[in-house]
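**Student:** Sharing data33.json below, JSON, C-alpha atoms:
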```
[["chain", "number", "residue", "atom", "x", "y", "z"],
["C", 1, "MET", "CA", -27.04, -3.41, -63.45],
["C", 2, "ALA", "CA", -28.40, -0.87, -65.93],
["C", 3, "ALA", "CA", -31.13, 1.43, -64.70],
["C", 4, "LYS", "CA", -34.65, 0.64, -65.81],
["C", 5, "GLU", "CA", -35.84, 2.98, -68.54],
["C", 6, "ALA", "CA", -39.46, 4.05, -68.29],
["C", 7, "ILE", "CA", -41.86, 3.68, -71.19],
["C", 8, "ILE", "CA", -43.26, 7.10, -72.14],
["C", 9, "ILE", "CA", -46.96, 7.06, -73.00],
["C", 10, "THR", "CA", -48.85, 10.13, -74.19],
["C", 11, "ASP", "CA", -52.16, 8.62, -75.38],
["C", 12, "LYS", "CA", -55.03, 7.94, -72.97],
["C", 13, "ASP", "CA", -56.19, 4.75, -74.66],
["C", 14, "GLU", "CA", -52.66, 3.38, -74.82],
["C", 15, "MET", "CA", -52.26, 4.08, -71.09],
["C", 16, "ARG", "CA", -55.44, 2.15, -70.25],
["C", 17, "LYS", "CA", -54.38, -0.71, -72.52],
["C", 18, "TRP", "CA", -51.01, -0.97, -70.77],
["C", 19, "THR", "CA", -52.54, -1.04, -67.28],
["C", 20, "ARG", "CA", -55.15, -3.64, -68.18],
["C", 21, "SER", "CA", -52.53, -5.84, -69.84],
["C", 22, "MET", "CA", -50.27, -5.66, -66.79],
["C", 23, "ARG", "CA", -53.11, -6.34, -64.37],
["C", 24, "ALA", "CA", -54.20, -9.34, -66.45],
["C", 25, "GLN", "CA", -50.73, -10.74, -65.72],
["C", 26, "GLY", "CA", -51.36, -10.44, -61.98],
["C", 27, "ASN", "CA", -49.55, -7.16, -61.32],
["C", 28, "THR", "CA", -50.71, -4.33, -59.08],
["C", 29, "ILE", "CA", -50.27, -0.75, -60.26],
["C", 30, "GLY", "CA", -48.92, 2.09, -58.13],
["C", 31, "PHE", "CA", -49.45, 5.65, -59.31],
["C", 32, "VAL", "CA", -47.72, 8.95, -58.51],
["C", 33, "PRO", "CA", -49.36, 11.99, -60.15],
["C", 34, "THR", "CA", -47.03, 14.99, -60.58],
["C", 35, "MET", "CA", -46.75, 18.23, -62.53],
["C", 36, "GLY", "CA", -43.10, 17.60, -63.28],
["C", 37, "TYR", "CA", -39.95, 19.53, -62.42],
["C", 38, "LEU", "CA", -39.23, 16.70, -60.04],
["C", 39, "HIS", "CA", -37.17, 16.90, -56.86],
["C", 40, "GLN", "CA", -36.24, 14.45, -54.12],
["C", 41, "GLY", "CA", -39.67, 14.83, -52.55],
["C", 42, "HIS", "CA", -41.31, 13.45, -55.70],
["C", 43, "LEU", "CA", -38.77, 10.64, -55.90],
["C", 44, "SER", "CA", -39.60, 9.66, -52.32],
["C", 45, "LEU", "CA", -43.23, 9.22, -53.43],
["C", 46, "VAL", "CA", -42.03, 6.81, -56.10],
["C", 47, "GLN", "CA", -40.03, 4.88, -53.51],
["C", 48, "ASP", "CA", -43.11, 4.66, -51.28],
["C", 49, "ALA", "CA", -45.16, 3.44, -54.25],
["C", 50, "HIS", "CA", -42.66, 0.61, -54.75],
["C", 51, "ASN", "CA", -43.53, -0.59, -51.25],
["C", 52, "GLN", "CA", -47.20, -0.82, -52.21],
["C", 53, "ALA", "CA", -47.36, -2.15, -55.78],
["C", 54, "ASP", "CA", -45.59, -4.26, -58.40],
["C", 55, "LEU", "CA", -45.42, -1.69, -61.20],
["C", 56, "ILE", "CA", -45.19, 2.11, -61.04],
["C", 57, "VAL", "CA", -46.74, 4.80, -63.23],
["C", 58, "VAL", "CA", -45.78, 8.44, -62.82],
["C", 59, "SER", "CA", -47.78, 11.13, -64.61],
["C", 60, "ILE", "CA", -46.23, 14.43, -65.64],
["C", 61, "TYR", "CA", -48.94, 16.91, -66.50],
["C", 62, "VAL", "CA", -49.32, 20.58, -65.61],
["C", 63, "ASN", "CA", -53.06, 20.81, -65.11],
["C", 64, "PRO", "CA", -54.65, 24.05, -66.40],
["C", 65, "GLY", "CA", -57.86, 23.21, -64.55],
["C", 66, "GLN", "CA", -56.33, 24.09, -61.17],
["C", 67, "PHE", "CA", -54.92, 27.48, -62.20],
["C", 68, "SER", "CA", -56.92, 30.67, -62.58],
["C", 69, "PRO", "CA", -55.83, 32.96, -65.45],
["C", 70, "ASN", "CA", -53.93, 35.28, -63.10],
["C", 71, "GLU", "CA", -51.81, 32.48, -61.59],
["C", 72, "ASP", "CA", -48.45, 31.06, -62.66],
["C", 73, "LEU", "CA", -49.48, 28.35, -65.15],
["C", 74, "SER", "CA", -47.38, 29.76, -68.01],
["C", 75, "THR", "CA", -44.29, 30.11, -65.83],
["C", 76, "TYR", "CA", -44.54, 26.80, -63.99],
["C", 77, "PRO", "CA", -41.04, 25.26, -64.23],
["C", 78, "SER", "CA", -40.46, 22.35, -66.58],
["C", 79, "ASP", "CA", -37.58, 19.97, -67.36],
["C", 80, "PHE", "CA", -39.06, 16.84, -68.91],
["C", 81, "GLN", "CA", -35.77, 15.22, -69.92],
["C", 82, "GLY", "CA", -34.33, 15.92, -66.48],
["C", 83, "ASP", "CA", -37.44, 14.39, -64.92],
["C", 84, "ILE", "CA", -37.02, 11.21, -66.97],
["C", 85, "GLU", "CA", -33.38, 10.90, -65.91],
["C", 86, "LYS", "CA", -34.32, 11.32, -62.26],
["C", 87, "LEU", "CA", -37.10, 8.73, -62.48],
["C", 88, "ASN", "CA", -34.81, 6.25, -64.22],
["C", 89, "SER", "CA", -32.31, 6.67, -61.37],
["C", 90, "VAL", "CA", -34.76, 5.72, -58.61],
["C", 91, "PRO", "CA", -34.03, 2.24, -57.18],
["C", 92, "GLY", "CA", -36.45, -0.07, -58.96],
["C", 93, "GLY", "CA", -37.12, 2.62, -61.55],
["C", 94, "VAL", "CA", -40.47, 3.53, -63.02],
["C", 95, "ASP", "CA", -42.38, 1.43, -65.52],
["C", 96, "VAL", "CA", -44.38, 4.14, -67.29],
["C", 97, "VAL", "CA", -44.30, 7.91, -67.48],
["C", 98, "PHE", "CA", -47.70, 9.13, -68.61],
["C", 99, "ASN", "CA", -47.22, 12.52, -70.27],
["C", 100, "PRO", "CA", -50.43, 13.59, -72.04],
["C", 101, "LYS", "CA", -50.44, 16.79, -74.05],
["C", 102, "ASN", "CA", -53.88, 18.06, -73.08],
["C", 103, "LEU", "CA", -56.42, 16.12, -71.02],
["C", 104, "TYR", "CA", -59.11, 18.65, -71.92],
["C", 105, "ASP", "CA", -58.81, 18.19, -75.69],
["C", 106, "TYR", "CA", -61.84, 16.24, -76.87],
["C", 107, "GLY", "CA", -61.19, 16.54, -80.59],
["C", 108, "ASN", "CA", -63.68, 19.35, -81.23],
["C", 109, "SER", "CA", -61.94, 21.68, -83.66],
["C", 110, "GLN", "CA", -64.38, 24.49, -82.91],
["C", 111, "ILE", "CA", -63.59, 24.57, -79.21],
["C", 112, "GLY", "CA", -61.11, 27.29, -78.42],
["C", 113, "ASN", "CA", -61.92, 29.38, -81.48],
["C", 114, "GLY", "CA", -63.42, 32.58, -80.16],
["C", 115, "SER", "CA", -65.03, 30.89, -77.16],
["C", 116, "GLU", "CA", -62.65, 32.25, -74.53],
["C", 117, "ARG", "CA", -64.27, 34.15, -71.71],
["C", 118, "ASN", "CA", -63.02, 36.46, -69.02],
["C", 119, "LEU", "CA", -64.19, 37.09, -65.48],
["C", 120, "GLU", "CA", -66.80, 39.69, -66.45],
["C", 121, "GLU", "CA", -68.29, 37.45, -69.14],
["C", 122, "SER", "CA", -68.65, 34.59, -66.65],
["C", 123, "GLY", "CA", -70.93, 36.62, -64.39],
["C", 124, "GLY", "CA", -68.26, 37.37, -61.83],
["C", 125, "MET", "CA", -67.39, 33.71, -61.24],
["C", 126, "VAL", "CA", -63.72, 32.89, -60.92],
["C", 127, "VAL", "CA", -62.80, 30.54, -63.75],
["C", 128, "SER", "CA", -59.86, 28.25, -64.44],
["C", 129, "CYS", "CA", -57.52, 28.40, -67.40],
["C", 130, "VAL", "CA", -59.56, 25.58, -68.97],
["C", 131, "GLU", "CA", -62.69, 27.74, -69.07],
["C", 132, "ASP", "CA", -60.75, 30.89, -69.86],
["C", 133, "LYS", "CA", -59.38, 29.26, -73.02],
["C", 134, "GLY", "CA", -62.77, 27.91, -74.06],
["C", 135, "MET", "CA", -61.84, 24.23, -74.06],
["C", 136, "GLY", "CA", -65.47, 23.14, -73.74],
["C", 137, "HIS", "CA", -64.97, 21.10, -70.57],
["C", 138, "GLU", "CA", -68.04, 21.29, -68.28],
["C", 139, "ALA", "CA", -67.84, 18.42, -65.77],
["C", 140, "TRP", "CA", -66.10, 19.15, -62.46],
["C", 141, "VAL", "CA", -65.54, 17.14, -59.28],
["C", 142, "ARG", "CA", -65.82, 18.92, -55.94],
["C", 143, "VAL", "CA", -65.23, 17.86, -52.34],
["C", 144, "GLU", "CA", -67.39, 20.62, -51.01],
["C", 145, "LYS", "CA", -66.42, 21.02, -47.35],
["C", 146, "LEU", "CA", -62.77, 20.07, -47.40],
["C", 147, "GLU", "CA", -61.99, 22.37, -50.34],
["C", 148, "LYS", "CA", -63.07, 25.41, -48.32],
["C", 149, "GLY", "CA", -60.62, 27.19, -46.07],
["C", 150, "LEU", "CA", -56.82, 27.05, -46.07],
["C", 151, "CYS", "CA", -55.64, 27.17, -49.71],
["C", 152, "GLY", "CA", -59.25, 27.23, -50.90],
["C", 153, "ASN", "CA", -59.71, 30.77, -49.61],
["C", 154, "SER", "CA", -57.14, 32.38, -51.90],
["C", 155, "ARG", "CA", -57.30, 29.81, -54.72],
["C", 156, "PRO", "CA", -61.03, 29.25, -55.33],
["C", 157, "VAL", "CA", -60.70, 27.07, -58.46],
["C", 158, "PHE", "CA", -57.70, 25.07, -57.28],
["C", 159, "PHE", "CA", -59.20, 22.05, -55.55],
["C", 160, "ARG", "CA", -62.04, 21.71, -58.03],
["C", 161, "GLY", "CA", -59.35, 21.45, -60.69],
["C", 162, "VAL", "CA", -57.24, 19.03, -58.65],
["C", 163, "ALA", "CA", -60.15, 16.69, -57.86],
["C", 164, "THR", "CA", -61.26, 16.73, -61.50],
["C", 165, "VAL", "CA", -57.86, 16.01, -63.04],
["C", 166, "VAL", "CA", -57.10, 13.31, -60.47],
["C", 167, "THR", "CA", -60.44, 11.68, -61.30],
["C", 168, "LYS", "CA", -59.53, 11.82, -64.99],
["C", 169, "LEU", "CA", -56.12, 10.32, -64.27],
["C", 170, "PHE", "CA", -57.65, 7.57, -62.12],
["C", 171, "ASN", "CA", -60.00, 6.69, -64.98],
["C", 172, "ILE", "CA", -57.09, 6.59, -67.44],
["C", 173, "VAL", "CA", -54.33, 4.95, -65.39],
["C", 174, "GLU", "CA", -56.66, 2.71, -63.33],
["C", 175, "PRO", "CA", -54.21, 2.24, -60.42],
["C", 176, "ASP", "CA", -54.55, 0.09, -57.32],
["C", 177, "VAL", "CA", -52.56, 2.49, -55.13],
["C", 178, "VAL", "CA", -51.84, 6.22, -55.39],
["C", 179, "VAL", "CA", -49.25, 8.18, -53.40],
["C", 180, "PHE", "CA", -49.56, 11.87, -52.52],
["C", 181, "GLY", "CA", -47.17, 13.99, -50.48],
["C", 182, "LYS", "CA", -48.34, 15.37, -47.17],
["C", 183, "LYS", "CA", -46.76, 18.74, -47.94],
["C", 184, "ASP", "CA", -49.99, 19.39, -49.86],
["C", 185, "TYR", "CA", -51.96, 18.29, -46.82],
["C", 186, "GLN", "CA", -55.34, 19.65, -47.82],
["C", 187, "GLN", "CA", -54.99, 18.10, -51.27],
["C", 188, "TRP", "CA", -54.14, 14.71, -49.76],
["C", 189, "ARG", "CA", -57.17, 14.78, -47.49],
["C", 190, "ILE", "CA", -59.44, 15.91, -50.34],
["C", 191, "ILE", "CA", -58.32, 13.02, -52.54],
["C", 192, "GLN", "CA", -58.80, 10.58, -49.66],
["C", 193, "ARG", "CA", -62.36, 11.82, -49.16],
["C", 194, "MET", "CA", -63.12, 11.81, -52.89],
["C", 195, "VAL", "CA", -61.91, 8.21, -53.22],
["C", 196, "ARG", "CA", -64.03, 7.17, -50.24],
["C", 197, "ASP", "CA", -67.18, 9.02, -51.25],
["C", 198, "LEU", "CA", -67.10, 8.02, -54.94],
["C", 199, "ASP", "CA", -66.12, 4.39, -54.25],
["C", 200, "PHE", "CA", -62.89, 4.34, -56.20],
["C", 201, "GLY", "CA", -61.17, 1.02, -55.57],
["C", 202, "ILE", "CA", -57.87, 2.77, -54.89],
["C", 203, "LYS", "CA", -55.71, 2.91, -51.78],
["C", 204, "VAL", "CA", -54.51, 6.46, -51.03],
["C", 205, "ILE", "CA", -51.13, 6.76, -49.31],
["C", 206, "GLY", "CA", -49.85, 9.94, -47.66],
["C", 207, "SER", "CA", -46.06, 10.28, -47.86],
["C", 208, "GLU", "CA", -44.11, 12.33, -45.32],
["C", 209, "ILE", "CA", -42.64, 15.73, -46.23],
["C", 210, "VAL", "CA", -39.09, 15.74, -47.55],
["C", 211, "ARG", "CA", -37.06, 18.78, -46.52],
["C", 212, "GLU", "CA", -33.92, 20.63, -47.57],
["C", 213, "HIS", "CA", -30.91, 20.66, -45.21],
["C", 214, "ASP", "CA", -32.25, 23.79, -43.47],
["C", 215, "GLY", "CA", -35.79, 22.45, -43.08],
["C", 216, "LEU", "CA", -37.50, 24.12, -46.06],
["C", 217, "ALA", "CA", -40.08, 21.76, -47.53],
["C", 218, "MET", "CA", -39.04, 20.64, -51.00],
["C", 219, "SER", "CA", -41.16, 22.24, -53.72],
["C", 220, "SER", "CA", -40.88, 22.82, -57.44],
["C", 221, "ARG", "CA", -41.47, 26.50, -56.69],
["C", 222, "ASN", "CA", -38.35, 26.82, -54.51],
["C", 223, "VAL", "CA", -36.29, 27.42, -57.64],
["C", 224, "LYS", "CA", -38.13, 30.71, -58.13],
["C", 225, "LEU", "CA", -36.89, 32.12, -54.81],
["C", 226, "SER", "CA", -34.15, 34.73, -54.90],
["C", 227, "PRO", "CA", -31.05, 33.73, -52.88],
["C", 228, "ALA", "CA", -32.08, 36.11, -50.08],
["C", 229, "ASP", "CA", -35.69, 34.87, -50.02],
["C", 230, "ARG", "CA", -34.49, 31.27, -50.15],
["C", 231, "GLN", "CA", -32.58, 31.85, -46.93],
["C", 232, "ARG", "CA", -35.50, 33.66, -45.31],
["C", 233, "ALA", "CA", -37.96, 30.94, -46.30],
["C", 234, "SER", "CA", -36.37, 28.51, -43.83],
["C", 235, "SER", "CA", -38.22, 30.51, -41.15],
["C", 236, "ILE", "CA", -41.38, 28.60, -42.12],
["C", 237, "SER", "CA", -40.13, 25.24, -40.92],
["C", 238, "ARG", "CA", -38.48, 26.82, -37.87],
["C", 239, "ALA", "CA", -41.81, 28.37, -36.86],
["C", 240, "LEU", "CA", -43.70, 25.11, -37.35],
["C", 241, "SER", "CA", -41.11, 23.04, -35.50],
["C", 242, "ARG", "CA", -41.19, 25.45, -32.59],
["C", 243, "ALA", "CA", -44.99, 25.23, -32.45],
["C", 244, "GLN", "CA", -44.79, 21.44, -32.40],
["C", 245, "VAL", "CA", -42.27, 21.48, -29.55],
["C", 246, "GLU", "CA", -44.30, 24.01, -27.56],
["C", 247, "ALA", "CA", -47.45, 21.93, -28.00],
["C", 248, "GLU", "CA", -45.64, 18.83, -26.79],
["C", 249, "LYS", "CA", -44.55, 20.82, -23.73],
["C", 250, "GLY", "CA", -48.16, 21.65, -22.92],
["C", 251, "GLN", "CA", -49.04, 24.80, -24.87],
["C", 252, "VAL", "CA", -52.39, 23.80, -26.37],
["C", 253, "ASN", "CA", -53.81, 27.28, -27.00],
["C", 254, "CYS", "CA", -53.89, 27.46, -30.78],
["C", 255, "ARG", "CA", -54.03, 31.24, -30.98],
["C", 256, "GLU", "CA", -50.84, 31.53, -28.95],
["C", 257, "LEU", "CA", -49.05, 29.01, -31.14],
["C", 258, "ILE", "CA", -50.27, 30.68, -34.34],
["C", 259, "ASN", "CA", -49.29, 34.19, -33.22],
["C", 260, "THR", "CA", -45.78, 33.07, -32.33],
["C", 261, "ALA", "CA", -45.34, 31.37, -35.70],
["C", 262, "ILE", "CA", -46.66, 34.38, -37.60],
["C", 263, "LEU", "CA", -44.22, 36.63, -35.76],
["C", 264, "THR", "CA", -41.26, 34.37, -36.62],
["C", 265, "ILE", "CA", -42.14, 34.24, -40.31],
["C", 266, "SER", "CA", -43.08, 37.90, -40.60],
["C", 267, "GLU", "CA", -39.83, 39.03, -38.98],
["C", 268, "ALA", "CA", -38.00, 37.03, -41.67],
["C", 269, "GLY", "CA", -39.84, 38.96, -44.38],
["C", 270, "GLY", "CA", -42.64, 36.53, -45.21],
["C", 271, "THR", "CA", -46.18, 37.62, -46.03],
["C", 272, "ILE", "CA", -48.74, 35.31, -44.44],
["C", 273, "ASP", "CA", -51.59, 34.03, -46.61],
["C", 274, "TYR", "CA", -52.89, 31.85, -43.78],
["C", 275, "ALA", "CA", -51.69, 30.16, -40.61],
["C", 276, "GLU", "CA", -54.22, 27.78, -39.09],
["C", 277, "ILE", "CA", -54.34, 24.82, -36.76],
["C", 278, "VAL", "CA", -57.04, 22.42, -37.94],
["C", 279, "ASP", "CA", -58.35, 18.94, -37.23],
["C", 280, "GLN", "CA", -56.39, 16.37, -39.23],
["C", 281, "GLU", "CA", -59.51, 14.73, -40.69],
["C", 282, "SER", "CA", -62.13, 17.48, -41.06],
["C", 283, "LEU", "CA", -59.67, 20.37, -41.54],
["C", 284, "GLU", "CA", -61.94, 22.44, -39.28],
["C", 285, "PRO", "CA", -60.11, 25.09, -37.20],
["C", 286, "VAL", "CA", -59.63, 24.26, -33.53],
["C", 287, "GLU", "CA", -59.04, 26.59, -30.59],
["C", 288, "THR", "CA", -57.46, 24.13, -28.15],
["C", 289, "ILE", "CA", -55.47, 21.02, -29.03],
["C", 290, "LYS", "CA", -57.38, 18.05, -27.65],
["C", 291, "ARG", "CA", -57.05, 15.68, -30.61],
["C", 292, "PRO", "CA", -54.66, 15.19, -33.57],
["C", 293, "VAL", "CA", -54.27, 18.46, -35.47],
["C", 294, "VAL", "CA", -52.14, 19.85, -38.27],
["C", 295, "PHE", "CA", -50.63, 23.34, -38.32],
["C", 296, "CYS", "CA", -50.84, 24.55, -41.93],
["C", 297, "VAL", "CA", -49.32, 27.73, -43.35],
["C", 298, "ALA", "CA", -49.09, 29.45, -46.72],
["C", 299, "VAL", "CA", -46.49, 32.19, -47.01],
["C", 300, "CYS", "CA", -45.20, 34.43, -49.79],
["C", 301, "PHE", "CA", -41.55, 35.39, -50.07],
["C", 302, "GLY", "CA", -41.36, 37.86, -52.91],
["C", 303, "LYS", "CA", -43.81, 36.55, -55.50],
["C", 304, "VAL", "CA", -43.33, 32.91, -54.55],
["C", 305, "ARG", "CA", -46.07, 31.27, -52.52],
["C", 306, "LEU", "CA", -44.97, 28.36, -50.34],
["C", 307, "ILE", "CA", -47.00, 25.95, -48.22],
["C", 308, "ASP", "CA", -45.93, 23.76, -45.33],
["C", 309, "ASN", "CA", -47.39, 21.97, -42.32],
["C", 310, "VAL", "CA", -46.63, 19.90, -39.28],
["C", 311, "GLU", "CA", -48.83, 17.27, -37.69],
["C", 312, "ILE", "CA", -49.25, 17.52, -33.93],
["C", 313, "ASP", "CA", -50.32, 14.30, -32.19],
["C", 314, "LEU", "CA", -50.37, 14.70, -28.42]]
```
Mind turning the file's structure into structure tokens?

**Tutor:**
Amino acid sequence: MAAKEAIIITDKDEMRKWTRSMRAQGNTIGFVPTMGYLHQGHLSLVQDAHNQADLIVVSIYVNPGQFSPNEDLSTYPSDFQGDIEKLNSVPGGVDVVFNPKNLYDYGNSQIGNGSERNLEESGGMVVSCVEDKGMGHEAWVRVEKLEKGLCGNSRPVFFRGVATVVTKLFNIVEPDVVVFGKKDYQQWRIIQRMVRDLDFGIKVIGSEIVREHDGLAMSSRNVKLSPADRQRASSISRALSRAQVEAEKGQVNCRELINTAILTISEAGGTIDYAEIVDQESLEPVETIKRPVVFCVAVCFGKVRLIDNVEIDL
């Protein structure tokens, strides 16, 4: 049987029209938001979406609202045609690929002409690439407690940008179910809380991490690793797996577990951004494991920043 070929939609109104037409026929809509350069981890999200809904929409959009001007927006990897081929090969396929050009373009020809601003002009506030390019967008969604800490410490505009673009995508795609990967654990919890607090009628599914043969969590950024750093980066999953085993054996002192993991990764050449054991729901740091926690790390090998985590349920 020939593989299903996805419809490619680029217009917001056309996307809404498609969803509403399909729902009027009694179908439920599953949604997988991505930034493209897809790997097996993304495809597993699509497979999980098939278990939850009748029809599947995948978005491919690199969101400038979650990057600050000094981050890697311009070098984020892209292979749209390869992405389409991968999505068409998934069992059951994908019904729509939503690939908008710019979700912050509101048709104002004057926006972006001389209205760019830098950090000094914004009063010292860290801005996103949307504000830096003067796109005129002013409305932002924040999940104020959960966005602090972990990745929020070193990427202060990131989760504001994620929550905002996901809200925009929800309002455009209008899904019944959305699937996020647990590799981006903080992001998944933030979207869960946003959906709850703002009464979106959407079910949020967390999909388990998909790993390479040596344990490295699959990521679109892995392609940027040098061969040597790619080999060293497997120390991240080794450190987390060891912490999980030690906790199951009775080591519940978080500082001890964290220090051991940091040593393993540092000896392999990684630079630690953070290594924290936090409550699975609140993401608040814990000192002793007495309830379900997640051990989250962010590590740089060379110039490539990688994140990973392991849930610990004793």

**Student:** Go through C:Val97, C:Ala261, C:Ile60, C:Ile307 one by one, measure the shortest atom-to-atom distance of each to Ser78 (chain C) using all atoms listed in the file, and give the residue with the smallest value.

**Tutor:**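 Under the stated criterion, the closest residue is C:Ile60.
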
**Student:** Which is closest to Lys145 (chain C) among C:Gln52, C:Gln186, C:Asn309, C:Asn171, if we use only C-alpha atoms?

**Tutor:**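 Under the stated criterion, the closest residue is C:Gln186.
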
**Student:** Need the neighbours of (-61.3, 12.5, -63.0): which residues are at most 12 Å away, counting all atoms listed in the file, as a PDB file with C-alpha atoms, in the coordinates of the input?

**Tutor:**
```pdb
ATOM      1  CA  ASN C  63     -53.060  20.810 -65.110  1.00  0.00           C
ATOM      2  CA  GLY C  65     -57.860  23.210 -64.550  1.00  0.00           C
ATOM      3  CA  LEU C 103     -56.420  16.120 -71.020  1.00  0.00           C
ATOM      4  CA  TYR C 104     -59.110  18.650 -71.920  1.00  0.00           C
ATOM      5  CA  ALA C 139     -67.840  18.420 -65.770  1.00  0.00           C
ATOM      6  CA  TRP C 140     -66.100  19.150 -62.460  1.00  0.00           C
ATOM      7  CA  VAL C 141     -65.540  17.140 -59.280  1.00  0.00           C
ATOM      8  CA  ARG C 142     -65.820  18.920 -55.940  1.00  0.00           C
ATOM      9  CA  ARG C 160     -62.040  21.710 -58.030  1.00  0.00           C
ATOM     10  CA  GLY C 161     -59.350  21.450 -60.690  1.00  0.00           C
ATOM     11  CA  VAL C 162     -57.240  19.030 -58.650  1.00  0.00           C
ATOM     12  CA  ALA C 163     -60.150  16.690 -57.860  1.00  0.00           C
ATOM     13  CA  THR C 164     -61.260  16.730 -61.500  1.00  0.00           C
ATOM     14  CA  VAL C 165     -57.860  16.010 -63.040  1.00  0.00           C
ATOM     15  CA  VAL C 166     -57.100  13.310 -60.470  1.00  0.00           C
ATOM     16  CA  THR C 167     -60.440  11.680 -61.300  1.00  0.00           C
ATOM     17  CA  LYS C 168     -59.530  11.820 -64.990  1.00  0.00           C
ATOM     18  CA  LEU C 169     -56.120  10.320 -64.270  1.00  0.00           C
ATOM     19  CA  PHE C 170     -57.650   7.570 -62.120  1.00  0.00           C
ATOM     20  CA  ASN C 171     -60.000   6.690 -64.980  1.00  0.00           C
ATOM     21  CA  ILE C 172     -57.090   6.590 -67.440  1.00  0.00           C
ATOM     22  CA  VAL C 173     -54.330   4.950 -65.390  1.00  0.00           C
ATOM     23  CA  GLU C 174     -56.660   2.710 -63.330  1.00  0.00           C
ATOM     24  CA  ILE C 191     -58.320  13.020 -52.540  1.00  0.00           C
ATOM     25  CA  MET C 194     -63.120  11.810 -52.890  1.00  0.00           C
ATOM     26  CA  VAL C 195     -61.910   8.210 -53.220  1.00  0.00           C
ATOM     27  CA  LEU C 198     -67.100   8.020 -54.940  1.00  0.00           C
ATOM     28  CA  PHE C 200     -62.890   4.340 -56.200  1.00  0.00           C
TER      29      PHE C 200
END
```

**Student:** List as a count of residues only: which residues have an atom within 9 Å of (-57.3, 19.5, -73.0), counting only C-alpha atoms?

**Tutor:** 11

**Student:** From the set C:His42, C:Lys17, C:Lys183, C:Arg193, which residue has the shortest atom-to-atom contact distance to Ala298 (chain C), counting all atoms listed in the file?

**Tutor:**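 Counting all atoms listed in the file, the residue closest to Ala298 (chain C) is C:Lys183.
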
**Student:** Find the spatial neighbours of Val177 (chain C), counting only C-alpha atoms, within a cut-off of 8 Å - ignore same-chain residues fewer than 6 positions away - and output them as a ChimeraX atom specification.

**Tutor:** /C:29-31,49,52-53,202-205

**Student:** How about saving the chosen residues, C-alpha atoms kept, as an mmCIF file, in the frame of the given file?

**Tutor:**
```cif
data_model
loop_
_atom_site.group_PDB
_atom_site.id
_atom_site.type_symbol
_atom_site.label_atom_id
_atom_site.label_comp_id
_atom_site.auth_asym_id
_atom_site.auth_seq_id
_atom_site.Cartn_x
_atom_site.Cartn_y
_atom_site.Cartn_z
ATOM 1 C CA ILE C 29 -50.270 -0.750 -60.260
ATOM 2 C CA GLY C 30 -48.920 2.090 -58.130
ATOM 3 C CA PHE C 31 -49.450 5.650 -59.310
ATOM 4 C CA ALA C 49 -45.160 3.440 -54.250
ATOM 5 C CA GLN C 52 -47.200 -0.820 -52.210
ATOM 6 C CA ALA C 53 -47.360 -2.150 -55.780
ATOM 7 C CA ILE C 202 -57.870 2.770 -54.890
ATOM 8 C CA LYS C 203 -55.710 2.910 -51.780
ATOM 9 C CA VAL C 204 -54.510 6.460 -51.030
ATOM 10 C CA ILE C 205 -51.130 6.760 -49.310
#
```

**Student:** Using only C-alpha atoms, find the one residue out of C:Glu248, C:Asp308, C:Asp197, C:Glu284 that sits nearest to Ala233 (chain C).

**Tutor:**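 Answer, going by the shortest atom-to-atom distance: C:Asp308.
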
**Student:** Choose the residue, out of C:Ile9, C:Met15, C:Ile209, C:Val304, that has the smallest atom-to-atom separation from Leu43 (chain C); count all atoms listed in the file.

**Tutor:**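 Comparing C:Ile9, C:Met15, C:Ile209, C:Val304 against Leu43 (chain C), the winner is C:Ile209.
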